[in-house]
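Student: Pasting coords_17.pdb below, which is PDB, C-alpha atoms, pLDDT in the B column.
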ATOM      1  CA  MET A   1       8.837   5.125 -10.907  1.00 87.00           C
ATOM      2  CA  GLY A   2       6.693   7.615  -9.111  1.00 95.00           C
ATOM      3  CA  THR A   3       6.603   9.664  -5.939  1.00 96.00           C
ATOM      4  CA  ILE A   4       5.174   9.358  -2.471  1.00 96.00           C
ATOM      5  CA  ASN A   5       4.696  12.293  -0.128  1.00 97.00           C
ATOM      6  CA  VAL A   6       5.772  11.599   3.437  1.00 97.00           C
ATOM      7  CA  LYS A   7       4.814  13.745   6.421  1.00 96.00           C
ATOM      8  CA  ASP A   8       7.189  13.217   9.332  1.00 94.00           C
ATOM      9  CA  LEU A   9       6.371  13.554  13.025  1.00 92.00           C
ATOM     10  CA  GLN A  10       7.267  17.257  12.991  1.00 93.00           C
ATOM     11  CA  GLY A  11       4.811  17.920  10.146  1.00 93.00           C
ATOM     12  CA  ALA A  12       7.426  18.438   7.429  1.00 95.00           C
ATOM     13  CA  GLU A  13       6.469  16.921   4.084  1.00 96.00           C
ATOM     14  CA  VAL A  14       9.045  15.315   1.796  1.00 97.00           C
ATOM     15  CA  LYS A  15       8.667  13.722  -1.635  1.00 97.00           C
ATOM     16  CA  ILE A  16      10.468  10.428  -2.172  1.00 97.00           C
ATOM     17  CA  GLN A  17      10.969   8.351  -5.285  1.00 97.00           C
ATOM     18  CA  ALA A  18       8.891   5.181  -5.338  1.00 97.00           C
ATOM     19  CA  VAL A  19       9.763   2.044  -7.261  1.00 95.00           C
ATOM     20  CA  GLU A  20       7.021  -0.335  -8.334  1.00 95.00           C
ATOM     21  CA  GLY A  21       6.990  -3.604  -6.422  1.00 92.00           C
ATOM     22  CA  TYR A  22       8.746  -2.306  -3.302  1.00 96.00           C
ATOM     23  CA  SER A  23       6.746  -2.126  -0.094  1.00 96.00           C
ATOM     24  CA  LEU A  24       6.044   1.289   1.357  1.00 96.00           C
ATOM     25  CA  MET A  25       8.026   0.190   4.427  1.00 96.00           C
ATOM     26  CA  GLU A  26      11.092  -0.511   2.282  1.00 96.00           C
ATOM     27  CA  LEU A  27      10.740   2.819   0.490  1.00 97.00           C
ATOM     28  CA  LEU A  28      10.488   4.710   3.776  1.00 96.00           C
ATOM     29  CA  ARG A  29      13.503   2.972   5.329  1.00 94.00           C
ATOM     30  CA  ASP A  30      15.578   3.313   2.149  1.00 94.00           C
ATOM     31  CA  ASN A  31      14.916   7.056   2.207  1.00 95.00           C
ATOM     32  CA  GLY A  32      16.122   7.558   5.770  1.00 93.00           C
ATOM     33  CA  PHE A  33      12.840   7.632   7.678  1.00 92.00           C
ATOM     34  CA  GLU A  34      13.045   6.043  11.098  1.00 85.00           C
ATOM     35  CA  MET A  35      10.800   3.049  11.222  1.00 86.00           C
ATOM     36  CA  ALA A  36      11.454   0.102  13.502  1.00 88.00           C
ATOM     37  CA  ALA A  37       9.805  -2.472  11.205  1.00 88.00           C
ATOM     38  CA  ILE A  38      10.978  -5.097  13.670  1.00 88.00           C
ATOM     39  CA  CYS A  39       9.407  -8.092  11.898  1.00 91.00           C
ATOM     40  CA  GLY A  40      10.805  -7.095   8.497  1.00 89.00           C
ATOM     41  CA  GLY A  41       7.442  -7.104   6.786  1.00 91.00           C
ATOM     42  CA  ALA A  42       5.818 -10.239   8.199  1.00 93.00           C
ATOM     43  CA  CYS A  43       2.765  -8.349   9.529  1.00 94.00           C
ATOM     44  CA  ILE A  44       3.309  -9.387  13.141  1.00 92.00           C
ATOM     45  CA  CYS A  45       4.726  -6.337  14.947  1.00 93.00           C
ATOM     46  CA  GLY A  46       2.869  -3.245  13.711  1.00 93.00           C
ATOM     47  CA  THR A  47       5.958  -1.028  13.975  1.00 94.00           C
ATOM     48  CA  CYS A  48       5.485   0.255  10.416  1.00 95.00           C
ATOM     49  CA  HIS A  49       2.069   1.799  11.145  1.00 96.00           C
ATOM     50  CA  VAL A  50       1.327   4.830   8.962  1.00 97.00           C
ATOM     51  CA  HIS A  51      -1.694   6.945   8.114  1.00 97.00           C
ATOM     52  CA  VAL A  52      -2.498   6.853   4.413  1.00 97.00           C
ATOM     53  CA  ARG A  53      -4.138   9.928   2.978  1.00 94.00           C
ATOM     54  CA  GLY A  54      -4.721  11.641  -0.327  1.00 88.00           C
ATOM     55  CA  GLU A  55      -6.900  10.958  -3.306  1.00 88.00           C
ATOM     56  CA  ASN A  56      -4.900   7.888  -4.339  1.00 87.00           C
ATOM     57  CA  ALA A  57      -5.588   6.163  -1.023  1.00 92.00           C
ATOM     58  CA  ARG A  58      -8.829   4.919  -2.573  1.00 91.00           C
ATOM     59  CA  ASN A  59      -6.693   2.749  -4.894  1.00 92.00           C
ATOM     60  CA  LEU A  60      -5.406   0.676  -1.990  1.00 94.00           C
ATOM     61  CA  PRO A  61      -6.800  -2.788  -1.425  1.00 90.00           C
ATOM     62  CA  GLU A  62      -8.584  -3.372   1.856  1.00 93.00           C
ATOM     63  CA  PRO A  63      -6.290  -4.625   4.624  1.00 96.00           C
ATOM     64  CA  ALA A  64      -6.194  -8.385   5.101  1.00 96.00           C
ATOM     65  CA  TYR A  65      -7.685  -9.776   8.310  1.00 96.00           C
ATOM     66  CA  ASP A  66      -4.355 -10.095  10.147  1.00 96.00           C
ATOM     67  CA  GLU A  67      -3.342  -6.522   9.252  1.00 96.00           C
ATOM     68  CA  ALA A  68      -6.734  -5.142  10.327  1.00 96.00           C
ATOM     69  CA  GLU A  69      -6.563  -6.986  13.659  1.00 96.00           C
ATOM     70  CA  LEU A  70      -3.050  -5.707  14.396  1.00 95.00           C
ATOM     71  CA  LEU A  71      -3.907  -2.133  13.411  1.00 96.00           C
ATOM     72  CA  GLU A  72      -6.779  -1.987  15.887  1.00 95.00           C
ATOM     73  CA  THR A  73      -4.266  -2.439  18.736  1.00 94.00           C
ATOM     74  CA  LYS A  74      -2.247   0.654  17.771  1.00 95.00           C
ATOM     75  CA  PRO A  75      -2.707   3.805  19.894  1.00 93.00           C
ATOM     76  CA  ASP A  76      -2.787   6.066  16.798  1.00 93.00           C
ATOM     77  CA  TYR A  77      -5.274   3.831  14.943  1.00 96.00           C
ATOM     78  CA  ILE A  78      -7.736   5.609  12.655  1.00 95.00           C
ATOM     79  CA  GLU A  79     -10.266   3.442  10.847  1.00 94.00           C
ATOM     80  CA  GLY A  80      -9.909   3.677   7.071  1.00 93.00           C
ATOM     81  CA  VAL A  81      -6.637   5.613   7.348  1.00 96.00           C
ATOM     82  CA  SER A  82      -4.288   3.370   9.363  1.00 96.00           C
ATOM     83  CA  ARG A  83      -2.238   0.835   7.443  1.00 97.00           C
ATOM     84  CA  LEU A  84       0.940  -1.183   7.853  1.00 97.00           C
ATOM     85  CA  ALA A  85       3.507   0.082   5.349  1.00 97.00           C
ATOM     86  CA  CYS A  86       4.921  -3.441   4.979  1.00 96.00           C
ATOM     87  CA  GLN A  87       1.635  -4.699   3.557  1.00 97.00           C
ATOM     88  CA  ILE A  88       1.355  -2.239   0.674  1.00 96.00           C
ATOM     89  CA  ASN A  89       3.479  -2.613  -2.428  1.00 96.00           C
ATOM     90  CA  TYR A  90       3.938   0.533  -4.452  1.00 96.00           C
ATOM     91  CA  ALA A  91       2.184   0.532  -7.823  1.00 95.00           C
ATOM     92  CA  GLU A  92       1.667   3.256 -10.412  1.00 94.00           C
ATOM     93  CA  GLU A  93      -1.896   3.953  -9.275  1.00 94.00           C
ATOM     94  CA  LEU A  94      -0.496   5.055  -5.891  1.00 96.00           C
ATOM     95  CA  ASP A  95       1.637   7.843  -7.382  1.00 95.00           C
ATOM     96  CA  GLY A  96       1.384  10.931  -5.175  1.00 95.00           C
ATOM     97  CA  LEU A  97       0.083   9.030  -2.134  1.00 96.00           C
ATOM     98  CA  LEU A  98       0.529  10.808   1.214  1.00 97.00           C
ATOM     99  CA  LEU A  99       1.928   8.797   4.125  1.00 97.00           C
ATOM    100  CA  GLU A 100       1.927  10.271   7.604  1.00 97.00           C
ATOM    101  CA  LEU A 101       4.332   8.678  10.052  1.00 96.00           C
ATOM    102  CA  THR A 102       2.853   7.831  13.450  1.00 94.00           C
ATOM    103  CA  GLU A 103       4.217   8.038  16.984  1.00 88.00           C
ATOM    104  CA  ASP A 104       3.746   4.335  17.648  1.00 73.00           C
ATOM    105  CA  ASN A 105       6.541   3.045  15.419  1.00 68.00           C
TER     106      ASN A 105
END
As structure tokens, how would this structure be written, given the file I've shared?
Tutor:
Amino acid sequence: MGTINVKDLQGAEVKIQAVEGYSLMELLRDNGFEMAAICGGACICGTCHVHVRGENARNLPEPAYDEAELLETKPDYIEGVSRLACQINYAEELDGLLLELTEDN
């Protein structure tokens, strides 16, 4: 287990416990953060869009083609920072990662 730092829409930062193998979307929803995640993690809706920051963000794999294409349609898209939380599974090397929730969820 590890932790993820989550910055909500009001700018408050909260630490949540992270379990290896769970997607970041699941961890956010399980910890009470509002996230539509309409498609349930199938990478077709984009309603789990987050901004990924912090030193550990460099440990993330590059987004797959379908994720990258969907992200570019999001109003809060930032190249190299925007990701879909459903497409990232928590792993030890992501401990301490900072996720910023976005308006377009």
Student: So which residues get picked by the PyMOL selection byres ((chain A and resi 29-40) around 10) here, written as an MDAnalysis selection string?
Tutor: chainID A and resid 6 8 15:18 24:28 41:50 84:86 101:102 104:105
Student: When you count only C-alpha atoms, which of these residues is closest to A:Glu79: A:Leu94, A:Val52, A:Val19, A:Ile4?
Tutor: A:Val52
Student: Find the residues around A:Asn59 up to 9 Å (all atoms listed in the file counted), leave out those fewer than 2 positions away in its own chain, and share them as a VMD selection string.
Tutor: chain A and resid 55 to 57 61 93 to 94
Student: Considering only C-alpha atoms, can you say which of A:Ile78, A:Met1, A:Leu71, A:Ala12 comes closest to A:His51?
Tutor: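 Looking at the shortest contact to A:His51, the residue is A:Ile78.
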Student: Which of these, A:Arg53, A:Leu9, A:Ser23, A:Gly2, has the shortest distance to A:Leu99 once you count all atoms listed in the file?
Tutor: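 Using all atoms listed in the file, A:Leu99 sits closest to A:Arg53.
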Student: For each of A:Gly96, A:Glu13, A:Tyr22, A:Leu60, take the minimum atom-to-atom distance to A:Val81, counting all atoms listed in the file, then give the residue where this is smallest.
Tutor: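 For A:Val81, the nearest of the candidates is A:Leu60.
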Student: Which value, in Å to one decimal, gives the distance between atom CA of A:Glu20 and atom CA of A:Leu70?
Tutor: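 Calculated distance between atom CA of A:Glu20 and atom CA of A:Leu70 is 25.4 Å.
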Student: Do you have the atom CA of A:Lys74-atom CA of A:Ala91 distance handy?
Tutor: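 Here the two named atoms are 26.0 Å from each other.
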Student: Of the residues A:Glu67, A:Glu62, A:Gly21, A:Leu98, which is the one nearest to A:Gly80, using all atoms listed in the file?
Tutor: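 Nearest to A:Gly80: A:Glu62.
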Student: Mind pulling up the distance from atom CA of A:Glu72 to atom CA of A:Tyr90?
Tutor: 23.1 Å
